[in-house]
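Next comes coords.csv, with CSV, C-alpha atoms.
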```
chain,number,residue,atom,x,y,z
A,1,MET,CA,95.6,103.7,111.4
A,2,THR,CA,97.7,106.4,113.0
A,3,ARG,CA,101.4,106.5,112.7
A,4,PRO,CA,103.3,105.8,115.9
A,5,PHE,CA,105.4,109.0,115.3
A,6,PRO,CA,104.8,112.3,113.5
A,7,ILE,CA,106.0,112.3,109.9
A,8,ALA,CA,109.3,114.1,109.9
A,9,ALA,CA,110.1,116.9,107.5
A,10,THR,CA,113.3,115.5,106.0
A,11,ARG,CA,114.6,112.1,105.3
A,12,ARG,CA,117.4,112.5,107.9
A,13,GLN,CA,114.9,113.5,110.6
A,14,PHE,CA,112.7,110.7,109.6
A,15,LEU,CA,115.5,108.2,110.0
A,16,LEU,CA,116.5,109.7,113.3
A,17,VAL,CA,113.0,109.4,114.6
A,18,ALA,CA,112.5,105.9,113.1
A,19,GLY,CA,115.9,104.8,114.5
A,20,SER,CA,115.2,106.1,118.0
A,21,ALA,CA,111.8,104.5,118.0
A,22,GLY,CA,113.3,101.4,116.7
A,23,LEU,CA,111.2,98.3,116.9
A,24,ALA,CA,109.2,99.8,119.8
A,25,PRO,CA,105.9,100.0,118.0
A,26,LEU,CA,106.2,96.4,117.0
A,27,LEU,CA,107.1,95.3,120.5
A,28,ALA,CA,105.0,97.7,122.5
A,29,PRO,CA,102.7,95.8,124.8
A,30,LYS,CA,99.0,95.9,124.2
A,31,PRO,CA,96.9,98.2,126.4
A,32,ALA,CA,95.8,95.2,128.5
A,33,ALA,CA,99.3,93.9,129.0
A,34,ALA,CA,100.8,93.5,132.4
A,35,THR,CA,103.8,95.7,133.1
A,36,ALA,CA,106.6,95.5,135.6
A,37,ASP,CA,104.4,97.7,137.8
A,38,SER,CA,101.4,95.4,137.7
A,39,MET,CA,103.6,92.4,138.3
A,40,ALA,CA,105.1,94.2,141.3
A,41,ALA,CA,101.5,94.9,142.5
A,42,ALA,CA,100.5,91.3,142.0
A,43,ILE,CA,103.5,90.1,143.9
A,44,ARG,CA,102.7,92.6,146.7
A,45,GLU,CA,99.3,91.1,147.0
A,46,VAL,CA,100.7,87.7,147.7
A,47,VAL,CA,103.7,88.6,149.7
A,48,GLY,CA,102.3,91.6,151.7
A,49,GLU,CA,104.9,93.6,153.6
A,50,ALA,CA,107.4,90.7,153.8
A,51,SER,CA,110.7,91.0,151.9
A,52,VAL,CA,111.5,88.6,149.1
A,53,ARG,CA,115.0,87.3,149.0
A,54,PRO,CA,116.7,85.7,146.0
A,55,GLY,CA,117.8,82.1,146.6
A,56,LYS,CA,116.5,78.6,147.5
A,57,VAL,CA,114.3,78.7,144.5
A,58,LYS,CA,115.4,77.3,141.1
A,59,LEU,CA,113.2,78.3,138.1
A,60,GLU,CA,114.1,76.4,134.9
A,61,LEU,CA,112.7,77.3,131.5
A,62,PRO,CA,114.5,77.5,128.2
A,63,PRO,CA,116.2,80.9,127.6
A,64,LEU,CA,115.2,80.9,123.9
A,65,ILE,CA,111.6,80.0,123.2
A,66,GLU,CA,110.4,79.3,119.7
A,67,ASN,CA,106.7,79.0,120.5
A,68,GLY,CA,105.3,81.0,123.4
A,69,ASN,CA,102.1,78.9,123.4
A,70,ALA,CA,103.5,76.1,125.5
A,71,VAL,CA,106.7,76.8,127.4
A,72,PRO,CA,107.9,74.0,129.7
A,73,LEU,CA,108.8,75.2,133.1
A,74,THR,CA,110.0,73.6,136.3
A,75,VAL,CA,110.3,75.2,139.8
A,76,THR,CA,112.4,73.5,142.4
A,77,VAL,CA,112.6,74.8,146.0
A,78,ASP,CA,115.5,73.8,148.3
A,79,SER,CA,113.6,72.6,151.4
A,80,PRO,CA,113.7,69.5,153.6
A,81,MET,CA,109.9,69.4,153.5
A,82,THR,CA,109.4,68.4,157.1
A,83,ASP,CA,106.5,69.4,159.3
A,84,SER,CA,108.4,72.3,160.8
A,85,ASP,CA,110.2,73.5,157.6
A,86,HIS,CA,108.4,73.1,154.3
A,87,VAL,CA,107.3,75.1,151.3
A,88,LYS,CA,103.7,76.3,151.7
A,89,ALA,CA,103.2,77.8,148.2
A,90,VAL,CA,105.0,78.6,145.0
A,91,HIS,CA,103.7,81.5,142.9
A,92,LEU,CA,104.6,82.3,139.3
A,93,PHE,CA,104.5,85.8,137.8
A,94,ASN,CA,105.3,87.3,134.5
A,95,GLU,CA,105.9,90.8,133.2
A,96,LYS,CA,104.2,91.2,129.8
A,97,ASN,CA,101.3,88.8,129.5
A,98,PRO,CA,97.9,90.4,129.7
A,99,GLN,CA,97.8,89.3,133.3
A,100,PRO,CA,100.8,89.2,135.7
A,101,ASN,CA,99.7,86.0,137.4
A,102,VAL,CA,100.6,82.7,135.9
A,103,ALA,CA,99.8,80.2,138.7
A,104,SER,CA,99.9,79.6,142.4
A,105,PHE,CA,100.7,76.1,143.7
A,106,HIS,CA,99.8,75.2,147.3
A,107,LEU,CA,101.7,72.3,148.9
A,108,GLY,CA,102.7,71.2,152.3
A,109,SER,CA,105.0,68.9,154.2
A,110,ARG,CA,103.2,65.9,152.6
A,111,ALA,CA,104.6,66.9,149.2
A,112,GLY,CA,108.0,65.3,150.1
A,113,ARG,CA,109.7,67.3,147.4
A,114,ALA,CA,109.0,70.8,146.4
A,115,LYS,CA,109.2,70.4,142.6
A,116,ILE,CA,106.5,71.4,140.2
A,117,SER,CA,106.5,71.2,136.4
A,118,THR,CA,103.9,72.7,134.0
A,119,ARG,CA,103.6,74.5,130.7
A,120,ILE,CA,102.8,78.2,130.4
A,121,ARG,CA,102.1,80.8,127.7
A,122,LEU,CA,104.3,83.8,127.2
A,123,ALA,CA,103.1,86.7,125.1
A,124,ASP,CA,106.5,88.4,124.7
A,125,SER,CA,110.2,88.2,125.6
A,126,GLN,CA,110.1,89.0,129.3
A,127,LYS,CA,111.0,88.1,132.8
A,128,VAL,CA,109.4,85.2,134.7
A,129,ILE,CA,109.5,85.1,138.5
A,130,ALA,CA,108.9,82.3,140.9
A,131,ILE,CA,108.3,83.1,144.6
A,132,ALA,CA,108.3,80.4,147.3
A,133,GLN,CA,106.5,80.9,150.5
A,134,MET,CA,108.0,78.9,153.3
A,135,SER,CA,106.3,77.6,156.5
A,136,ASP,CA,108.3,80.1,158.6
A,137,GLY,CA,106.8,83.0,156.6
A,138,SER,CA,109.8,83.9,154.6
A,139,PHE,CA,109.8,84.4,150.8
A,140,TRP,CA,112.4,83.4,148.4
A,141,SER,CA,112.5,84.0,144.6
A,142,ASP,CA,114.2,83.3,141.4
A,143,SER,CA,113.8,85.0,138.0
A,144,VAL,CA,114.6,84.1,134.4
A,145,ASP,CA,114.7,86.4,131.4
A,146,VAL,CA,113.4,84.6,128.3
A,147,VAL,CA,113.4,85.5,124.6
A,148,VAL,CA,110.2,84.5,122.8
A,149,THR,CA,110.2,84.3,119.0
A,150,LEU,CA,106.5,83.4,118.4
A,151,ALA,CA,104.3,85.0,121.0
A,152,ALA,CA,101.3,83.3,122.5
A,153,CYS,CA,97.6,84.1,122.2
A,154,LEU,CA,97.6,87.6,120.9
A,155,GLU,CA,97.4,87.4,117.1
A,156,ASP,CA,96.1,84.0,116.3
A,157,SER,CA,92.4,83.1,115.9
A,158,PRO,CA,91.0,79.9,117.2
A,159,PRO,CA,91.0,76.9,114.9
B,160,MET,CA,83.8,65.1,128.2
B,161,THR,CA,87.3,66.2,128.4
B,162,ARG,CA,90.0,63.6,128.6
B,163,ALA,CA,92.4,63.4,131.5
B,164,LEU,CA,95.7,61.5,131.6
B,165,VAL,CA,97.1,60.7,135.0
B,166,ASN,CA,100.3,58.9,135.8
B,167,ILE,CA,100.6,57.7,139.4
B,168,PRO,CA,102.6,54.7,140.5
B,169,LYS,CA,100.3,51.8,141.5
B,170,GLN,CA,102.6,50.6,144.3
B,171,ALA,CA,105.0,52.4,146.5
B,172,LYS,CA,107.0,51.9,149.7
B,173,ARG,CA,105.8,53.6,152.8
B,174,GLY,CA,107.3,57.1,153.0
B,175,GLU,CA,108.5,57.1,149.4
B,176,THR,CA,108.1,60.3,147.5
B,177,ILE,CA,106.1,59.6,144.4
B,178,GLU,CA,105.7,61.7,141.3
B,179,ILE,CA,102.2,62.5,140.0
B,180,LYS,CA,101.9,63.6,136.4
B,181,THR,CA,98.6,65.0,135.1
B,182,LEU,CA,97.3,66.2,131.7
B,183,LEU,CA,93.8,67.4,131.0
B,184,SER,CA,92.6,68.0,127.5
B,185,HIS,CA,91.2,71.5,127.6
B,186,PRO,CA,91.6,74.6,125.3
B,187,MET,CA,92.3,77.0,128.2
B,188,GLU,CA,90.7,79.9,126.2
B,189,THR,CA,92.3,83.0,127.5
B,190,GLY,CA,89.6,85.5,126.8
B,191,TYR,CA,92.1,87.8,125.0
B,192,ARG,CA,91.7,86.3,121.6
B,193,ARG,CA,89.4,87.2,118.7
B,194,ASP,CA,87.8,84.9,116.2
B,195,THR,CA,87.9,85.3,112.4
B,196,MET,CA,84.9,87.7,112.7
B,197,GLY,CA,86.6,89.9,115.2
B,198,ARG,CA,84.5,88.9,118.1
B,199,ALA,CA,86.1,88.3,121.4
B,200,VAL,CA,86.4,84.6,122.3
B,201,PRO,CA,85.0,84.3,125.9
B,202,ARG,CA,87.4,83.1,128.6
B,203,ASP,CA,87.1,79.4,129.5
B,204,ILE,CA,89.9,78.0,131.6
B,205,ILE,CA,90.5,75.5,134.3
B,206,ASN,CA,91.1,77.7,137.2
B,207,ARG,CA,91.6,75.2,140.0
B,208,PHE,CA,93.3,71.8,140.3
B,209,VAL,CA,93.2,69.8,143.6
B,210,CYS,CA,94.8,66.5,144.5
B,211,SER,CA,93.6,64.8,147.7
B,212,TYR,CA,95.0,61.7,149.2
B,213,ASN,CA,92.4,59.6,151.1
B,214,GLY,CA,90.3,62.8,151.5
B,215,VAL,CA,93.2,65.1,152.7
B,216,GLU,CA,94.3,67.8,150.3
B,217,VAL,CA,98.0,67.4,149.4
B,218,PHE,CA,98.3,69.7,146.5
B,219,ARG,CA,96.3,72.6,145.0
B,220,ALA,CA,96.9,74.9,142.1
B,221,ASP,CA,95.2,78.2,141.2
B,222,LEU,CA,95.6,78.6,137.4
B,223,PHE,CA,95.4,81.7,135.3
B,224,PRO,CA,95.1,82.2,131.5
B,225,ALA,CA,98.9,82.0,131.2
B,226,ILE,CA,98.7,78.3,131.6
B,227,ALA,CA,99.1,76.6,128.2
B,228,ALA,CA,96.2,74.7,126.6
B,229,ASN,CA,95.9,71.1,127.8
B,230,PRO,CA,97.1,71.9,131.3
B,231,PHE,CA,100.0,69.7,132.4
B,232,ILE,CA,101.0,69.6,136.0
B,233,THR,CA,103.6,67.4,137.6
B,234,PHE,CA,104.2,67.4,141.4
B,235,TYR,CA,105.2,65.1,144.2
B,236,THR,CA,103.6,63.6,147.3
B,237,VAL,CA,104.7,61.1,150.0
B,238,ALA,CA,103.1,57.7,149.9
B,239,THR,CA,101.7,57.5,153.4
B,240,GLU,CA,99.1,54.7,153.2
B,241,SER,CA,97.2,52.6,150.7
B,242,GLY,CA,94.2,54.3,149.4
B,243,GLU,CA,92.8,56.6,146.8
B,244,LEU,CA,94.2,59.7,145.1
B,245,LYS,CA,91.5,62.0,143.8
B,246,LEU,CA,92.4,64.6,141.2
B,247,SER,CA,89.9,67.2,140.3
B,248,TRP,CA,90.0,70.1,137.8
B,249,THR,CA,87.4,72.9,138.1
B,250,GLY,CA,86.6,75.2,135.1
B,251,ASP,CA,85.2,78.7,134.8
B,252,ASP,CA,81.8,77.2,134.1
B,253,GLY,CA,81.9,75.6,137.5
B,254,GLU,CA,82.1,72.0,136.1
B,255,THR,CA,84.5,69.7,137.8
B,256,ARG,CA,86.3,66.8,136.1
B,257,THR,CA,87.5,64.1,138.6
B,258,GLU,CA,89.9,61.3,138.2
B,259,THR,CA,90.7,58.7,140.9
B,260,ALA,CA,93.6,56.3,141.2
B,261,THR,CA,94.3,53.7,143.8
B,262,ILE,CA,97.7,53.2,145.3
B,263,THR,CA,99.0,50.3,147.3
B,264,VAL,CA,101.6,51.2,149.9
B,265,ALA,CA,103.7,48.4,151.2
```
When written as structure tokens, how does the structure in this file appear?
Amino acid sequence: MTRPFPIAATRRQFLLVAGSAGLAPLLAPKPAAATADSMAAAIREVVGEASVRPGKVKLELPPLIENGNAVPLTVTVDSPMTDSDHVKAVHLFNEKNPQPNVASFHLGSRAGRAKISTRIRLADSQKVIAIAQMSDGSFWSDSVDVVVTLAACLEDSPP
Amino acid sequence: MTRALVNIPKQAKRGETIEIKTLLSHPMETGYRRDTMGRAVPRDIINRFVCSYNGVEVFRADLFPAIAANPFITFYTVATESGELKLSWTGDDGETRTETATITVA
């Protein structure tokens, strides 16, 4: 077990270092964790060179989550869902789980309503992003910052 | 065999948008956890869910380990004609679990 910071010579120095480090060692993501960068890369892979605009999408999940193992989530996209104007896909991404992808839903004009609910895992307090791909090729997004008190899947062992 | 719960209206008016609720009993093992002996628990998740309406795919989902255990998915589709809705979940092991439901469209 190595200390996250070198042992300081004096108590004052120690407190300074400890204070500036804060809770960082406790909250620091695991080596495998996705970062804002890997999330951006995952989004790039789906979106390509197109620009993603905020709007049209509504991502609903509770702002304060007690248990990250099952977080209810609903995505609604404002679209008439006709043959000429509909949502082709909805992609979900997160910042700090081990993988940036959460799910991709593919729908079409036959969906009637672009609304999807599911339950996801969140390993830490973080940002969750929903991106909708429309039939005209445009991308729209919404993001929510959530606070997770009990993280999913990292510490617990299977029953 | 895993259990699936599906909630689809038995009857609908033509052109009506119906809600489909699905729940599959599955651990969705992420592959990031360790057991009490410190061994990595191998990944075992449902990675694909497809809903087809009389043979035409109307909804598909690619799932990742971030989907909670017992994957629950709710979505909508337009009731176009009487027939069969087929829901299938495919796991990492390649096994597919299929549920069918019939709908009468008036």
Check: When distances are computed from all atoms listed in the file, which of A:Gly48, A:Pro80, A:Pro98, A:Gly137 shows the smallest separation from Gly112 of chain A?
Finding: A:Pro80
Check: Using all atoms listed in the file, can you list as a PyMOL selection string the residues within 10 Å of (90.9, 73.7, 142.7)?
Finding: chain B and resi 205-210+218-222+246-250+255
Report as a tab-separated table: every residue of chain B with an atom at most 12 Å from chain A, its closest pair of atoms, and their distance in Å to one decimal, counting only C-alpha atoms, with rows sorted by chain and ascending residue number.
```
residue	atom	partner	partner_atom	distance
B:Gly174	CA	A:Gly112	CA	8.7
B:Glu175	CA	A:Gly112	CA	8.2
B:Thr176	CA	A:Gly112	CA	5.6
B:Ile177	CA	A:Gly112	CA	8.3
B:Glu178	CA	A:Arg113	CA	9.2
B:Ile179	CA	A:Ile116	CA	9.9
B:Lys180	CA	A:Ser117	CA	8.9
B:Thr181	CA	A:Thr118	CA	9.4
B:Leu182	CA	A:Thr118	CA	9.5
B:Leu183	CA	A:Thr118	CA	11.8
B:Pro186	CA	A:Pro158	CA	9.7
B:Met187	CA	A:Arg121	CA	10.5
B:Glu188	CA	A:Pro158	CA	9.0
B:Thr189	CA	A:Cys153	CA	7.6
B:Gly190	CA	A:Cys153	CA	9.3
B:Tyr191	CA	A:Leu154	CA	6.9
B:Arg192	CA	A:Leu154	CA	6.1
B:Arg193	CA	A:Ser157	CA	5.8
B:Asp194	CA	A:Ser157	CA	4.9
B:Thr195	CA	A:Ser157	CA	6.1
B:Met196	CA	A:Ser157	CA	9.4
B:Gly197	CA	A:Ser157	CA	9.0
B:Arg198	CA	A:Ser157	CA	10.0
B:Ala199	CA	A:Ser157	CA	9.8
B:Val200	CA	A:Pro158	CA	8.3
B:Pro201	CA	A:Pro158	CA	11.4
B:Ile205	CA	A:Ala103	CA	11.3
B:Asn206	CA	A:Ala103	CA	9.2
B:Arg207	CA	A:Ala103	CA	9.7
B:Phe208	CA	A:Phe105	CA	9.2
B:Val209	CA	A:His106	CA	9.3
B:Cys210	CA	A:Leu107	CA	10.0
B:Ser211	CA	A:Arg110	CA	10.8
B:Tyr212	CA	A:Arg110	CA	9.8
B:Val215	CA	A:Arg110	CA	10.0
B:Glu216	CA	A:Leu107	CA	8.8
B:Val217	CA	A:Leu107	CA	6.2
B:Phe218	CA	A:Leu107	CA	4.9
B:Arg219	CA	A:His106	CA	4.9
B:Ala220	CA	A:Phe105	CA	4.3
B:Asp221	CA	A:Ser104	CA	5.0
B:Leu222	CA	A:Ala103	CA	4.7
B:Phe223	CA	A:Val102	CA	5.3
B:Pro224	CA	A:Val102	CA	7.1
B:Ala225	CA	A:Arg121	CA	4.9
B:Ile226	CA	A:Ile120	CA	4.3
B:Ala227	CA	A:Ile120	CA	4.6
B:Ala228	CA	A:Ala70	CA	7.5
B:Asn229	CA	A:Arg119	CA	8.9
B:Pro230	CA	A:Arg119	CA	7.0
B:Phe231	CA	A:Thr118	CA	5.2
B:Ile232	CA	A:Thr118	CA	4.7
B:Thr233	CA	A:Ser117	CA	4.9
B:Phe234	CA	A:Ile116	CA	4.8
B:Tyr235	CA	A:Ala111	CA	5.3
B:Thr236	CA	A:Ala111	CA	3.9
B:Val237	CA	A:Gly112	CA	5.3
B:Ala238	CA	A:Arg110	CA	8.6
B:Thr239	CA	A:Arg110	CA	8.6
B:Glu240	CA	A:Arg110	CA	11.9
```
Note to self: Please list as a count of residues only every residue within 8 Å of Asp85 of chain A, counting only C-alpha atoms and excluding residues in the same chain fewer than 2 positions away.
What the structure shows: 10
Margin query: Please compute the atom CA of Thr76 of chain A-atom CA of Asp251 of chain B distance, one decimal, in Å.
Written below: 28.7 Å
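The space separating atom CA of Val128 of chain A from atom CA of Asp37 of chain A comes to 13.8 Å.
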Margin query: Can you measure atom CA of Val144 of chain A to atom CA of Lys127 of chain A for me? One decimal in Å is fine.
Written below: 5.6 Å
Note to self: I need the residue nearest Val264 of chain B from this list: B:Asn213, B:Asp252, B:Arg173, B:Ile204. Use only C-alpha atoms for the distance.
What the structure shows: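 Using only C-alpha atoms, the shortest distance to Val264 of chain B belongs to B:Arg173.
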Next item on the list: List every protein, DNA or RNA residue that has at least one atom no more than 12 Å from (93.2, 58.8, 125.7) in the file's coordinates, counting only C-alpha atoms, and write the result as a list in words.
Entry: Met160, Thr161, Arg162, Ala163, Leu164, Val165, Leu182, Leu183 and Ser184 of chain B
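You can rank A:Ser51, A:Thr35, A:Ser84, A:Ser138 by their closest distance to Asp124 of chain A using all atoms listed in the file, and at the top of that list sits A:Thr35.
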Can you put N, CA and C atoms back into segment 90-113 of chain A and show it as a CSV table (one decimal), in the frame of the given file?
```
chain,number,residue,atom,x,y,z
A,90,VAL,N,104.1,78.1,146.0
A,90,VAL,CA,105.0,78.6,145.0
A,90,VAL,C,104.1,79.4,144.0
A,91,HIS,N,104.5,80.7,143.8
A,91,HIS,CA,103.7,81.5,142.9
A,91,HIS,C,104.5,81.9,141.7
A,92,LEU,N,103.9,81.9,140.6
A,92,LEU,CA,104.6,82.3,139.3
A,92,LEU,C,104.0,83.6,138.8
A,93,PHE,N,104.9,84.5,138.4
A,93,PHE,CA,104.5,85.8,137.8
A,93,PHE,C,105.3,86.0,136.5
A,94,ASN,N,104.6,86.9,135.7
A,94,ASN,CA,105.3,87.3,134.5
A,94,ASN,C,105.1,88.8,134.3
A,95,GLU,N,105.9,89.4,133.4
A,95,GLU,CA,105.9,90.8,133.2
A,95,GLU,C,105.0,91.3,132.1
A,96,LYS,N,104.9,90.6,131.0
A,96,LYS,CA,104.2,91.2,129.8
A,96,LYS,C,103.0,90.4,129.3
A,97,ASN,N,102.6,89.4,129.9
A,97,ASN,CA,101.3,88.8,129.5
A,97,ASN,C,100.2,89.7,129.8
A,98,PRO,N,99.0,89.5,129.3
A,98,PRO,CA,97.9,90.4,129.7
A,98,PRO,C,97.6,90.4,131.2
A,99,GLN,N,97.9,89.4,131.9
A,99,GLN,CA,97.8,89.3,133.3
A,99,GLN,C,99.1,88.9,134.0
A,100,PRO,N,99.5,89.6,135.1
A,100,PRO,CA,100.8,89.2,135.7
A,100,PRO,C,100.8,87.9,136.4
A,101,ASN,N,99.7,87.3,136.8
A,101,ASN,CA,99.7,86.0,137.4
A,101,ASN,C,99.8,84.9,136.4
A,102,VAL,N,100.5,83.9,136.8
A,102,VAL,CA,100.6,82.7,135.9
A,102,VAL,C,99.9,81.5,136.7
A,103,ALA,N,100.4,81.2,137.9
A,103,ALA,CA,99.8,80.2,138.7
A,103,ALA,C,100.2,80.3,140.1
A,104,SER,N,99.5,79.7,141.0
A,104,SER,CA,99.9,79.6,142.4
A,104,SER,C,99.7,78.1,142.8
A,105,PHE,N,100.7,77.5,143.3
A,105,PHE,CA,100.7,76.1,143.7
A,105,PHE,C,100.8,76.1,145.3
A,106,HIS,N,99.8,75.3,145.9
A,106,HIS,CA,99.8,75.2,147.3
A,106,HIS,C,100.2,73.8,147.7
A,107,LEU,N,101.3,73.7,148.5
A,107,LEU,CA,101.7,72.3,148.9
A,107,LEU,C,102.0,72.4,150.4
A,108,GLY,N,102.4,71.3,150.9
A,108,GLY,CA,102.7,71.2,152.3
A,108,GLY,C,103.8,70.2,152.6
A,109,SER,N,103.9,69.8,153.9
A,109,SER,CA,105.0,68.9,154.2
A,109,SER,C,104.8,67.5,153.6
A,110,ARG,N,103.5,67.2,153.2
A,110,ARG,CA,103.2,65.9,152.6
A,110,ARG,C,103.7,65.8,151.1
A,111,ALA,N,104.1,66.9,150.6
A,111,ALA,CA,104.6,66.9,149.2
A,111,ALA,C,105.9,66.1,149.1
A,112,GLY,N,106.7,66.1,150.1
A,112,GLY,CA,108.0,65.3,150.1
A,112,GLY,C,109.1,66.0,149.3
A,113,ARG,N,108.7,66.5,148.2
A,113,ARG,CA,109.7,67.3,147.4
A,113,ARG,C,109.0,68.5,146.8
```
